[in-house]
$ cat model-v1.csv   # CSV, C-alpha atoms
chain,number,residue,atom,x,y,z
A,1,MET,CA,-28.2,105.6,9.8
A,2,GLN,CA,-30.0,102.3,9.3
A,3,MET,CA,-26.7,100.6,8.5
A,4,LEU,CA,-25.1,102.0,11.7
A,5,SER,CA,-28.1,100.9,13.8
A,6,SER,CA,-27.8,97.4,12.3
A,7,PHE,CA,-24.1,97.3,13.0
A,8,LYS,CA,-24.7,98.3,16.7
A,9,THR,CA,-27.3,95.5,17.0
A,10,ILE,CA,-24.8,93.0,15.6
A,11,LEU,CA,-22.0,94.1,17.8
A,12,ILE,CA,-24.1,94.1,21.0
A,13,GLY,CA,-25.6,90.6,20.1
A,14,SER,CA,-22.2,89.2,19.4
A,15,LEU,CA,-20.7,90.5,22.6
A,16,TRP,CA,-23.6,89.1,24.6
A,17,CYS,CA,-23.1,85.7,23.0
A,18,GLY,CA,-19.4,85.9,23.8
A,19,LEU,CA,-20.2,86.7,27.4
A,20,LEU,CA,-22.5,83.7,27.7
A,21,VAL,CA,-19.8,81.2,26.5
A,22,ILE,CA,-17.0,82.5,28.8
A,23,PRO,CA,-17.7,79.8,31.5
A,24,PHE,CA,-17.3,77.1,28.8
A,25,MET,CA,-14.6,78.5,26.5
A,26,GLY,CA,-12.7,81.0,28.6
A,27,VAL,CA,-12.0,84.7,27.7
A,28,GLN,CA,-10.0,84.0,24.5
A,29,GLY,CA,-12.5,81.5,23.2
A,30,ALA,CA,-15.4,83.9,24.0
A,31,LEU,CA,-13.7,86.8,22.1
A,32,LEU,CA,-13.1,84.5,19.1
A,33,VAL,CA,-16.8,83.5,19.1
A,34,ALA,CA,-17.8,87.2,19.3
A,35,ALA,CA,-15.4,88.1,16.4
A,36,VAL,CA,-16.7,85.2,14.2
A,37,LEU,CA,-20.3,86.2,14.9
A,38,VAL,CA,-19.6,89.9,14.0
A,39,MET,CA,-17.9,89.0,10.8
A,40,GLY,CA,-20.5,86.4,9.9
A,41,ALA,CA,-23.4,88.7,10.6
A,42,ILE,CA,-21.8,91.6,8.6
A,43,GLY,CA,-21.1,89.3,5.7
A,44,TYR,CA,-24.7,88.0,5.8
A,45,GLN,CA,-26.1,91.5,6.0
A,46,THR,CA,-24.0,92.9,3.1
A,47,ILE,CA,-23.5,90.0,0.8
A,48,PHE,CA,-25.7,86.9,1.4
A,49,ARG,CA,-28.9,88.3,2.9
A,50,GLN,CA,-30.9,88.8,-0.3
A,51,TRP,CA,-29.6,85.6,-1.8
A,52,ALA,CA,-30.3,83.5,1.2
A,53,LEU,CA,-33.7,84.9,1.9
A,54,GLY,CA,-34.6,84.5,-1.8
A,55,ARG,CA,-33.5,80.9,-1.8
A,56,PHE,CA,-35.3,80.0,1.4
A,57,SER,CA,-38.4,81.8,0.2
A,58,LYS,CA,-38.4,79.8,-3.0
A,59,MET,CA,-38.0,76.6,-1.0
A,60,GLY,CA,-40.9,77.7,1.2
A,61,LEU,CA,-43.1,78.4,-1.8
A,62,LEU,CA,-42.1,75.0,-3.3
A,63,LEU,CA,-43.1,73.2,-0.1
A,64,SER,CA,-46.4,75.1,0.0
A,65,GLY,CA,-47.0,74.3,-3.7
A,66,VAL,CA,-46.2,70.6,-3.2
A,67,TYR,CA,-48.4,70.5,-0.1
A,68,SER,CA,-51.3,72.2,-1.9
A,69,ARG,CA,-51.1,69.6,-4.7
A,70,LEU,CA,-51.0,66.8,-2.1
A,71,ARG,CA,-54.2,68.2,-0.5
A,72,THR,CA,-56.1,67.5,-3.7
A,73,PRO,CA,-58.3,64.4,-3.4
A,74,VAL,CA,-56.5,62.1,-5.8
A,75,LEU,CA,-52.9,63.0,-5.2
A,76,GLY,CA,-53.5,63.4,-1.5
A,77,ARG,CA,-54.9,59.9,-1.0
A,78,ARG,CA,-52.1,58.4,-3.0
A,79,PHE,CA,-49.3,60.2,-1.2
A,80,TRP,CA,-50.6,59.5,2.3
A,81,GLY,CA,-51.4,56.0,1.3
A,82,ILE,CA,-47.8,55.5,0.2
A,83,GLY,CA,-46.7,57.1,3.5
A,84,VAL,CA,-48.7,54.7,5.6
A,85,VAL,CA,-47.5,51.7,3.6
A,86,ALA,CA,-43.9,52.9,4.1
A,87,LEU,CA,-44.4,53.3,7.9
A,88,LEU,CA,-45.9,49.8,8.0
A,89,VAL,CA,-43.0,48.2,6.0
A,90,VAL,CA,-39.9,50.1,7.0
A,91,PRO,CA,-39.7,48.9,10.7
A,92,ILE,CA,-39.1,45.3,9.5
A,93,PHE,CA,-35.6,46.4,8.3
A,94,LEU,CA,-34.6,48.4,11.4
A,95,ASN,CA,-32.9,47.5,14.6
A,96,ASN,CA,-34.3,48.3,18.1
A,97,TYR,CA,-32.5,51.6,18.4
A,98,TYR,CA,-34.1,53.1,15.3
A,99,LEU,CA,-37.5,51.5,16.2
A,100,ASP,CA,-37.4,53.3,19.6
A,101,ILE,CA,-36.6,56.6,17.9
A,102,LEU,CA,-39.4,56.1,15.4
A,103,THR,CA,-41.8,55.1,18.2
A,104,LEU,CA,-40.9,58.3,20.1
A,105,ALA,CA,-41.5,60.3,17.0
A,106,LEU,CA,-44.9,58.8,16.6
A,107,LEU,CA,-45.7,59.5,20.2
A,108,TYR,CA,-44.7,63.2,19.8
A,109,ALA,CA,-46.7,63.3,16.6
A,110,LEU,CA,-49.8,62.1,18.5
A,111,LEU,CA,-49.2,64.8,21.1
A,112,ALA,CA,-48.7,67.5,18.4
A,113,VAL,CA,-51.9,66.5,16.7
A,114,GLY,CA,-53.8,66.9,19.9
A,115,LEU,CA,-52.2,70.3,20.7
A,116,ASN,CA,-52.9,71.4,17.2
A,117,ILE,CA,-56.6,71.4,18.0
A,118,THR,CA,-56.2,73.9,20.8
A,119,VAL,CA,-53.3,76.0,19.4
A,120,GLY,CA,-53.5,75.6,15.6
A,121,LEU,CA,-57.2,75.4,14.9
A,122,THR,CA,-58.7,77.4,17.8
A,123,GLY,CA,-55.8,79.8,18.4
A,124,LEU,CA,-55.6,79.3,22.2
A,125,LEU,CA,-52.0,79.4,23.4
A,126,ASP,CA,-51.7,76.4,25.7
A,127,LEU,CA,-48.4,76.1,27.6
A,128,GLY,CA,-49.7,73.5,29.9
A,129,TYR,CA,-50.3,70.6,27.5
A,130,ALA,CA,-47.8,68.3,29.2
A,131,GLY,CA,-50.0,68.5,32.3
A,132,PHE,CA,-52.8,66.5,30.5
A,133,TYR,CA,-50.1,64.2,29.2
A,134,GLY,CA,-48.9,63.5,32.7
A,135,ILE,CA,-52.5,63.1,34.1
A,136,GLY,CA,-53.2,60.4,31.5
A,137,ALA,CA,-49.9,58.6,32.2
A,138,TYR,CA,-50.4,58.7,36.0
A,139,ALA,CA,-54.1,57.7,35.7
A,140,TYR,CA,-53.2,54.5,33.9
A,141,ALA,CA,-50.1,53.9,36.1
A,142,LEU,CA,-52.3,54.1,39.3
A,143,LEU,CA,-55.2,52.1,37.9
A,144,SER,CA,-52.8,49.4,36.6
A,145,THR,CA,-50.6,49.0,39.7
A,146,LYS,CA,-53.3,49.3,42.3
A,147,TRP,CA,-56.3,47.7,40.6
A,148,GLY,CA,-54.8,45.7,37.8
A,149,LEU,CA,-56.6,47.6,35.0
A,150,SER,CA,-55.7,46.4,31.6
A,151,PHE,CA,-54.1,48.7,29.0
A,152,TRP,CA,-57.2,48.6,26.7
A,153,LEU,CA,-59.5,49.8,29.4
A,154,GLY,CA,-56.8,52.2,30.6
A,155,VAL,CA,-56.8,54.1,27.3
A,156,PRO,CA,-60.4,55.4,27.5
A,157,PHE,CA,-60.0,56.0,31.3
A,158,GLY,CA,-56.9,58.0,30.8
A,159,ALA,CA,-58.5,60.0,27.9
A,160,VAL,CA,-61.6,60.7,30.0
A,161,ILE,CA,-59.7,61.8,33.1
A,162,ALA,CA,-57.4,64.1,31.1
A,163,ALA,CA,-60.3,65.5,29.2
A,164,SER,CA,-62.1,66.2,32.5
A,165,PHE,CA,-59.1,68.4,33.5
A,166,GLY,CA,-59.2,69.9,30.1
A,167,LEU,CA,-62.9,70.8,30.8
A,168,LEU,CA,-61.9,72.3,34.1
A,169,LEU,CA,-59.1,74.4,32.6
A,170,GLY,CA,-61.3,75.5,29.7
A,171,VAL,CA,-64.0,76.8,32.1
A,172,ILE,CA,-61.4,78.6,34.2
A,173,THR,CA,-59.8,80.4,31.2
A,174,LEU,CA,-63.0,81.3,29.4
A,175,ARG,CA,-62.5,85.1,29.7
A,176,LEU,CA,-58.8,85.0,29.0
A,177,ARG,CA,-56.9,85.1,25.8
A,178,GLY,CA,-53.3,85.7,24.5
A,179,ASP,CA,-50.6,86.2,27.1
A,180,TYR,CA,-53.0,85.9,30.0
A,181,LEU,CA,-54.3,82.5,28.8
A,182,ALA,CA,-50.6,81.4,28.3
A,183,ILE,CA,-49.8,82.3,31.9
A,184,VAL,CA,-52.7,80.4,33.4
A,185,THR,CA,-51.9,77.3,31.4
A,186,LEU,CA,-48.3,77.6,32.5
A,187,GLY,CA,-49.5,77.7,36.1
A,188,PHE,CA,-51.6,74.6,35.4
A,189,VAL,CA,-48.6,72.5,34.2
A,190,GLN,CA,-46.6,73.7,37.2
A,191,ILE,CA,-49.4,72.7,39.6
A,192,VAL,CA,-49.6,69.2,38.0
A,193,TYR,CA,-45.9,68.8,38.3
A,194,LEU,CA,-45.8,69.8,42.0
A,195,VAL,CA,-48.7,67.5,42.8
A,196,LEU,CA,-47.1,64.6,41.1
A,197,ASN,CA,-43.8,65.3,42.8
A,198,ASN,CA,-45.0,65.9,46.3
A,199,TRP,CA,-48.1,63.7,46.8
A,200,ASP,CA,-46.0,60.7,48.0
A,201,SER,CA,-48.8,58.6,49.3
A,202,LEU,CA,-50.5,58.5,45.9
A,203,THR,CA,-47.9,59.1,43.2
A,204,ASN,CA,-44.7,57.9,45.1
A,205,GLY,CA,-43.3,61.4,44.6
A,206,PRO,CA,-40.1,61.9,42.6
A,207,ASN,CA,-39.4,58.1,42.7
A,208,GLY,CA,-42.3,57.6,40.3
A,209,ILE,CA,-44.4,54.4,39.8
A,210,LEU,CA,-42.9,51.2,38.6
A,211,GLN,CA,-44.2,47.9,37.2
A,212,ILE,CA,-47.0,49.3,35.1
A,213,LYS,CA,-48.7,46.6,33.1
A,214,GLN,CA,-47.9,46.4,29.4
A,215,PRO,CA,-50.6,45.8,26.7
A,216,GLU,CA,-51.9,42.3,26.1
A,217,ILE,CA,-53.9,40.9,23.2
A,218,GLY,CA,-55.4,37.7,24.7
A,219,SER,CA,-52.4,35.8,26.1
A,220,PHE,CA,-49.9,37.7,23.8
A,221,LEU,CA,-47.9,40.3,25.6
A,222,LEU,CA,-46.8,43.4,23.7
A,223,GLU,CA,-43.3,44.0,24.9
A,224,GLN,CA,-40.9,44.2,22.0
A,225,PRO,CA,-40.0,47.6,20.4
A,226,ILE,CA,-41.7,46.7,17.1
A,227,HIS,CA,-44.9,46.0,19.0
A,228,PHE,CA,-45.0,49.4,20.5
A,229,TYR,CA,-44.1,51.0,17.2
A,230,TYR,CA,-47.2,49.5,15.5
A,231,LEU,CA,-49.3,50.4,18.5
A,232,ALA,CA,-48.2,54.0,18.4
A,233,LEU,CA,-48.8,54.1,14.6
A,234,PHE,CA,-52.3,52.8,15.1
A,235,PHE,CA,-53.1,55.5,17.7
A,236,LEU,CA,-51.6,58.2,15.4
A,237,ILE,CA,-53.6,57.1,12.4
A,238,VAL,CA,-56.8,57.0,14.5
A,239,ALA,CA,-56.1,60.5,15.9
A,240,LEU,CA,-55.3,61.9,12.4
A,241,PHE,CA,-58.5,60.5,11.0
A,242,VAL,CA,-60.6,61.9,13.9
A,243,VAL,CA,-59.0,65.3,14.0
A,244,TYR,CA,-59.1,65.6,10.2
A,245,ARG,CA,-62.8,64.9,10.2
A,246,ILE,CA,-63.2,67.5,13.0
A,247,ALA,CA,-61.1,70.1,11.2
A,248,TYR,CA,-63.1,70.0,8.0
A,249,SER,CA,-66.5,69.8,9.7
A,250,GLN,CA,-68.7,72.6,11.0
A,251,MET,CA,-67.0,72.3,14.3
A,252,GLY,CA,-63.6,72.8,12.7
A,253,ARG,CA,-64.8,75.9,10.8
A,254,ALA,CA,-66.1,77.3,14.1
A,255,PHE,CA,-62.6,76.7,15.7
A,256,CYS,CA,-60.9,78.5,12.8
A,257,ALA,CA,-63.4,81.4,13.1
A,258,ILE,CA,-62.6,81.8,16.8
A,259,ARG,CA,-58.9,81.8,15.9
A,260,GLU,CA,-59.2,84.5,13.3
A,261,ASP,CA,-61.6,86.8,15.2
A,262,PRO,CA,-63.5,85.7,18.4
A,263,ILE,CA,-65.8,88.8,18.4
A,264,ALA,CA,-66.8,88.3,14.7
A,265,ALA,CA,-67.3,84.6,15.3
A,266,GLU,CA,-69.6,85.3,18.2
A,267,ALA,CA,-71.5,87.9,16.2
A,268,MET,CA,-72.1,85.3,13.5
A,269,GLY,CA,-73.8,83.0,16.0
A,270,ILE,CA,-70.9,80.7,17.1
A,271,ASP,CA,-71.0,79.7,20.7
A,272,THR,CA,-67.4,80.7,21.4
A,273,THR,CA,-67.7,79.6,25.1
A,274,ARG,CA,-68.7,76.1,24.2
A,275,MET,CA,-66.2,75.8,21.3
A,276,LYS,CA,-63.2,76.9,23.4
A,277,ILE,CA,-64.1,74.4,26.2
A,278,LEU,CA,-64.5,71.7,23.5
A,279,ALA,CA,-61.1,72.5,22.0
A,280,PHE,CA,-59.5,72.1,25.4
A,281,VAL,CA,-61.4,68.8,26.1
A,282,LEU,CA,-60.5,67.3,22.7
A,283,GLY,CA,-56.8,68.2,22.9
A,284,ALA,CA,-56.5,67.0,26.5
A,285,GLY,CA,-58.2,63.7,25.6
A,286,VAL,CA,-55.6,63.0,22.9
A,287,ALA,CA,-52.8,63.9,25.4
A,288,GLY,CA,-54.4,61.4,27.9
A,289,VAL,CA,-54.2,58.6,25.3
A,290,ALA,CA,-50.6,59.5,24.6
A,291,GLY,CA,-49.9,59.4,28.4
A,292,VAL,CA,-51.4,56.0,28.7
A,293,PHE,CA,-49.2,54.7,25.9
A,294,PHE,CA,-46.1,56.3,27.4
A,295,ALA,CA,-46.8,54.6,30.8
A,296,ALA,CA,-47.4,51.2,29.2
A,297,LYS,CA,-44.3,51.4,26.9
A,298,TYR,CA,-41.8,52.3,29.6
A,299,THR,CA,-43.6,50.6,32.5
A,300,PHE,CA,-42.5,53.6,34.6
A,301,VAL,CA,-43.6,57.2,35.1
A,302,SER,CA,-42.1,60.1,37.1
A,303,PRO,CA,-42.9,63.8,37.3
A,304,GLU,CA,-39.7,64.7,35.4
A,305,SER,CA,-41.3,63.5,32.1
A,306,PHE,CA,-44.2,66.0,32.3
A,307,THR,CA,-42.6,69.4,32.9
A,308,PHE,CA,-43.2,72.8,31.3
A,309,PHE,CA,-40.3,72.2,29.0
A,310,GLU,CA,-42.1,69.2,27.6
A,311,SER,CA,-45.0,71.5,26.8
A,312,VAL,CA,-42.7,73.9,25.0
A,313,ARG,CA,-41.2,71.0,23.0
A,314,ILE,CA,-44.6,69.9,21.8
A,315,LEU,CA,-45.6,73.5,21.0
A,316,THR,CA,-42.4,73.9,19.0
A,317,MET,CA,-43.4,70.9,16.9
A,318,VAL,CA,-46.8,72.4,16.1
A,319,VAL,CA,-45.3,75.8,15.2
A,320,LEU,CA,-42.5,74.4,13.1
A,321,GLY,CA,-44.8,72.2,11.1
A,322,GLY,CA,-47.4,74.9,10.7
A,323,MET,CA,-50.1,76.2,13.0
A,324,GLY,CA,-53.4,74.6,12.0
A,325,SER,CA,-51.8,72.1,9.6
A,326,LEU,CA,-52.6,68.6,10.7
A,327,PHE,CA,-49.8,66.9,8.7
A,328,GLY,CA,-47.5,69.8,9.5
A,329,ALA,CA,-47.7,68.9,13.2
A,330,VAL,CA,-46.7,65.3,12.3
A,331,LEU,CA,-43.8,66.6,10.2
A,332,GLY,CA,-42.7,68.9,13.0
A,333,ALA,CA,-42.7,66.1,15.5
A,334,PHE,CA,-40.6,63.8,13.3
A,335,LEU,CA,-38.1,66.6,12.5
A,336,LEU,CA,-37.7,67.7,16.2
A,337,THR,CA,-37.2,64.0,17.2
A,338,PHE,CA,-34.8,63.0,14.5
A,339,LEU,CA,-32.7,66.2,14.2
A,340,PRO,CA,-31.1,66.0,17.7
A,341,GLU,CA,-30.4,62.3,17.1
A,342,MET,CA,-28.8,63.0,13.7
A,343,LEU,CA,-26.5,65.6,15.3
A,344,ARG,CA,-25.6,63.4,18.3
A,345,GLY,CA,-22.2,62.7,16.8
A,346,LEU,CA,-21.3,66.4,17.1
A,347,ASP,CA,-21.7,66.1,20.8
A,348,LEU,CA,-21.3,69.6,22.4
A,349,TYR,CA,-22.4,71.5,19.3
A,350,ARG,CA,-25.5,69.6,18.3
A,351,MET,CA,-28.0,71.7,20.4
A,352,LEU,CA,-26.4,74.9,19.1
A,353,ILE,CA,-26.9,73.7,15.5
A,354,PHE,CA,-30.4,72.5,16.4
A,355,GLY,CA,-31.3,75.9,17.9
A,356,ALA,CA,-29.8,77.9,15.1
A,357,THR,CA,-31.8,75.8,12.6
A,358,LEU,CA,-35.0,76.6,14.4
A,359,VAL,CA,-34.2,80.3,14.5
A,360,LEU,CA,-33.4,80.3,10.7
A,361,MET,CA,-36.6,78.4,10.0
A,362,MET,CA,-38.7,80.9,11.8
A,363,MET,CA,-36.9,83.8,10.1
A,364,VAL,CA,-37.6,82.6,6.5
A,365,ARG,CA,-40.7,80.6,7.0
A,366,PRO,CA,-42.6,82.0,10.0
A,367,GLN,CA,-45.9,80.2,9.2
A,368,GLY,CA,-44.2,76.8,9.5
A,369,LEU,CA,-43.2,74.2,6.9
A,370,LEU,CA,-46.8,73.3,5.8
A,371,GLY,CA,-48.7,76.0,7.5
A,372,THR,CA,-50.7,79.0,6.2
A,373,SER,CA,-52.2,81.9,8.1
A,374,HIS,CA,-55.7,80.8,7.1
A,375,LYS,CA,-57.3,77.5,6.5

$ encode --input "model-v1.csv" --output "structure tokens"
Amino acid sequence: MQMLSSFKTILIGSLWCGLLVIPFMGVQGALLVAAVLVMGAIGYQTIFRQWALGRFSKMGLLLSGVYSRLRTPVLGRRFWGIGVVALLVVPIFLNNYYLDILTLALLYALLAVGLNITVGLTGLLDLGYAGFYGIGAYAYALLSTKWGLSFWLGVPFGAVIAASFGLLLGVITLRLRGDYLAIVTLGFVQIVYLVLNNWDSLTNGPNGILQIKQPEIGSFLLEQPIHFYYLALFFLIVALFVVYRIAYSQMGRAFCAIREDPIAAEAMGIDTTRMKILAFVLGAGVAGVAGVFFAAKYTFVSPESFTFFESVRILTMVVLGGMGSLFGAVLGAFLLTFLPEMLRGLDLYRMLIFGATLVLMMMVRPQGLLGTSHK
């Protein structure tokens, strides 16, 4: 009976996938896709399932074991020290294309580290994180173009303004959790996008804001890709240090207690109200810094860079790396930035392979690459 039910599920799923690709491949191509999916799924269920799951489980255990060893004081310091040195030296040998990809990966790593405070440590599902990212970017863009504010003053301004909106959202969502919290944060990012897109007199609407000032150190202008790479690396290292200290402090333990059981945490004397708001504020502040960097690097911002799908992308990085794992968030950001680029040569099929890889990853390693269910 179970085998029959599994076969029905495979057949329905394969036919549905075939139906979806009819506009792109025609009826014959769709039938071929469905047939291949049916045969592949049956083969996987009957022959390869146990072998594949066993192999991937072993790989997951190996990753966990390696990561546990690296978290020990001596090995951990050596490993991350080698990693930092590599990130400092490698760009010297790369061209501008690879530098841009690396810089983008560092930017997303910064965003993932910030979101990890809210989602990973505190367990608050935030689907509106790109809203804080956009607020920080537009705050610096407006202050730079209208009042000539420098980048170095724009960083704290952008962080404070984004954190203020994080405070507002945290207060609004105090009594919400789970799906209801996710819906409210989803509404928040949509509101931010609509405001940025329609307030023409302030944000210039869908045309965006041009000629944003780039960073300067004295009379030296940071304008080359390698300059922004090292600047992004600096911000990421600072964020990692700060968030690491928070995660392993009394505050971080309170965040984790709220994630595991808010009622028990409150019964133990933790001010869950204040902690939840603080998690939103800290995460939003990091997103604000990332937004300022984004605006300064590209000297242009538009609402299309801060949509709900950008929030989903950052959240996927956190989940893939491991909820609550600081360095897992960085690893997830690098993987989800580099993997689409590595598959660019496959053209039409790269996003299909990319999506299938994520699905497989969540099947065999649902806690993420470096994540655990508990701290």

$ closest_residue --input "model-v1.csv" --among "A:Ser325, A:Thr273, A:Thr307, A:Gln214" --to "Leu174 of chain A" --atoms "all atoms listed in the file"
A:Thr273

$ residues_near_point --input "model-v1.csv" --point "(-40.4, 59.7, 17.4)" --cutoff "9 Å" --atoms "only C-alpha atoms" --output "PyMOL selection string"
chain A and resi 99-109+333-338

$ write_last_selection --input "model-v1.csv" --atoms "C-alpha atoms" --output "tab-separated table (two decimals), in the frame of the given file"
chain	number	residue	atom	x	y	z
A	99	LEU	CA	-37.50	51.50	16.20
A	100	ASP	CA	-37.40	53.30	19.60
A	101	ILE	CA	-36.60	56.60	17.90
A	102	LEU	CA	-39.40	56.10	15.40
A	103	THR	CA	-41.80	55.10	18.20
A	104	LEU	CA	-40.90	58.30	20.10
A	105	ALA	CA	-41.50	60.30	17.00
A	106	LEU	CA	-44.90	58.80	16.60
A	107	LEU	CA	-45.70	59.50	20.20
A	108	TYR	CA	-44.70	63.20	19.80
A	109	ALA	CA	-46.70	63.30	16.60
A	333	ALA	CA	-42.70	66.10	15.50
A	334	PHE	CA	-40.60	63.80	13.30
A	335	LEU	CA	-38.10	66.60	12.50
A	336	LEU	CA	-37.70	67.70	16.20
A	337	THR	CA	-37.20	64.00	17.20
A	338	PHE	CA	-34.80	63.00	14.50

$ residues_near_point --input "model-v1.csv" --point "(-53.9, 60.8, 22.4)" --cutoff "7 Å" --atoms "all atoms listed in the file" --output "MDAnalysis selection string"
chainID A and resid 110:111 114 239 285:290

$ closest_residue --input "model-v1.csv" --among "A:Ala264, A:Ile246, A:Leu221, A:Ala35" --to "Leu282 of chain A" --atoms "only C-alpha atoms"
A:Ile246

$ closest_residue --input "model-v1.csv" --among "A:Ala112, A:Tyr230, A:Phe151, A:Pro156" --to "Ile217 of chain A" --atoms "only C-alpha atoms"
A:Phe151

$ closest_residue --input "model-v1.csv" --among "A:Phe188, A:Phe165, A:Tyr98, A:Phe93" --to "Phe308 of chain A" --atoms "all atoms listed in the file"
A:Phe188

$ closest_residue --input "model-v1.csv" --among "A:Met275, A:Leu369, A:Leu236, A:Ala163" --to "Val319 of chain A" --atoms "only C-alpha atoms"
A:Leu369

$ closest_residue --input "model-v1.csv" --among "A:Leu370, A:Ile314, A:Ile172, A:Val192" --to "Lys276 of chain A" --atoms "all atoms listed in the file"
A:Ile172

$ atom_distance --input "model-v1.csv" --atom1 "atom CA of Ala254 of chain A" --atom2 "atom CA of Ile270 of chain A"
6.6 Å

$ residues_around --input "model-v1.csv" --residues "Ile209 of chain A" --least-positions-apart "3" --cutoff "8 Å" --atoms "all atoms listed in the file" --output "list in words"
Ala141, Leu142, Thr203, Asn204, Ile212, Phe300, Val301 and Ser302 of chain A
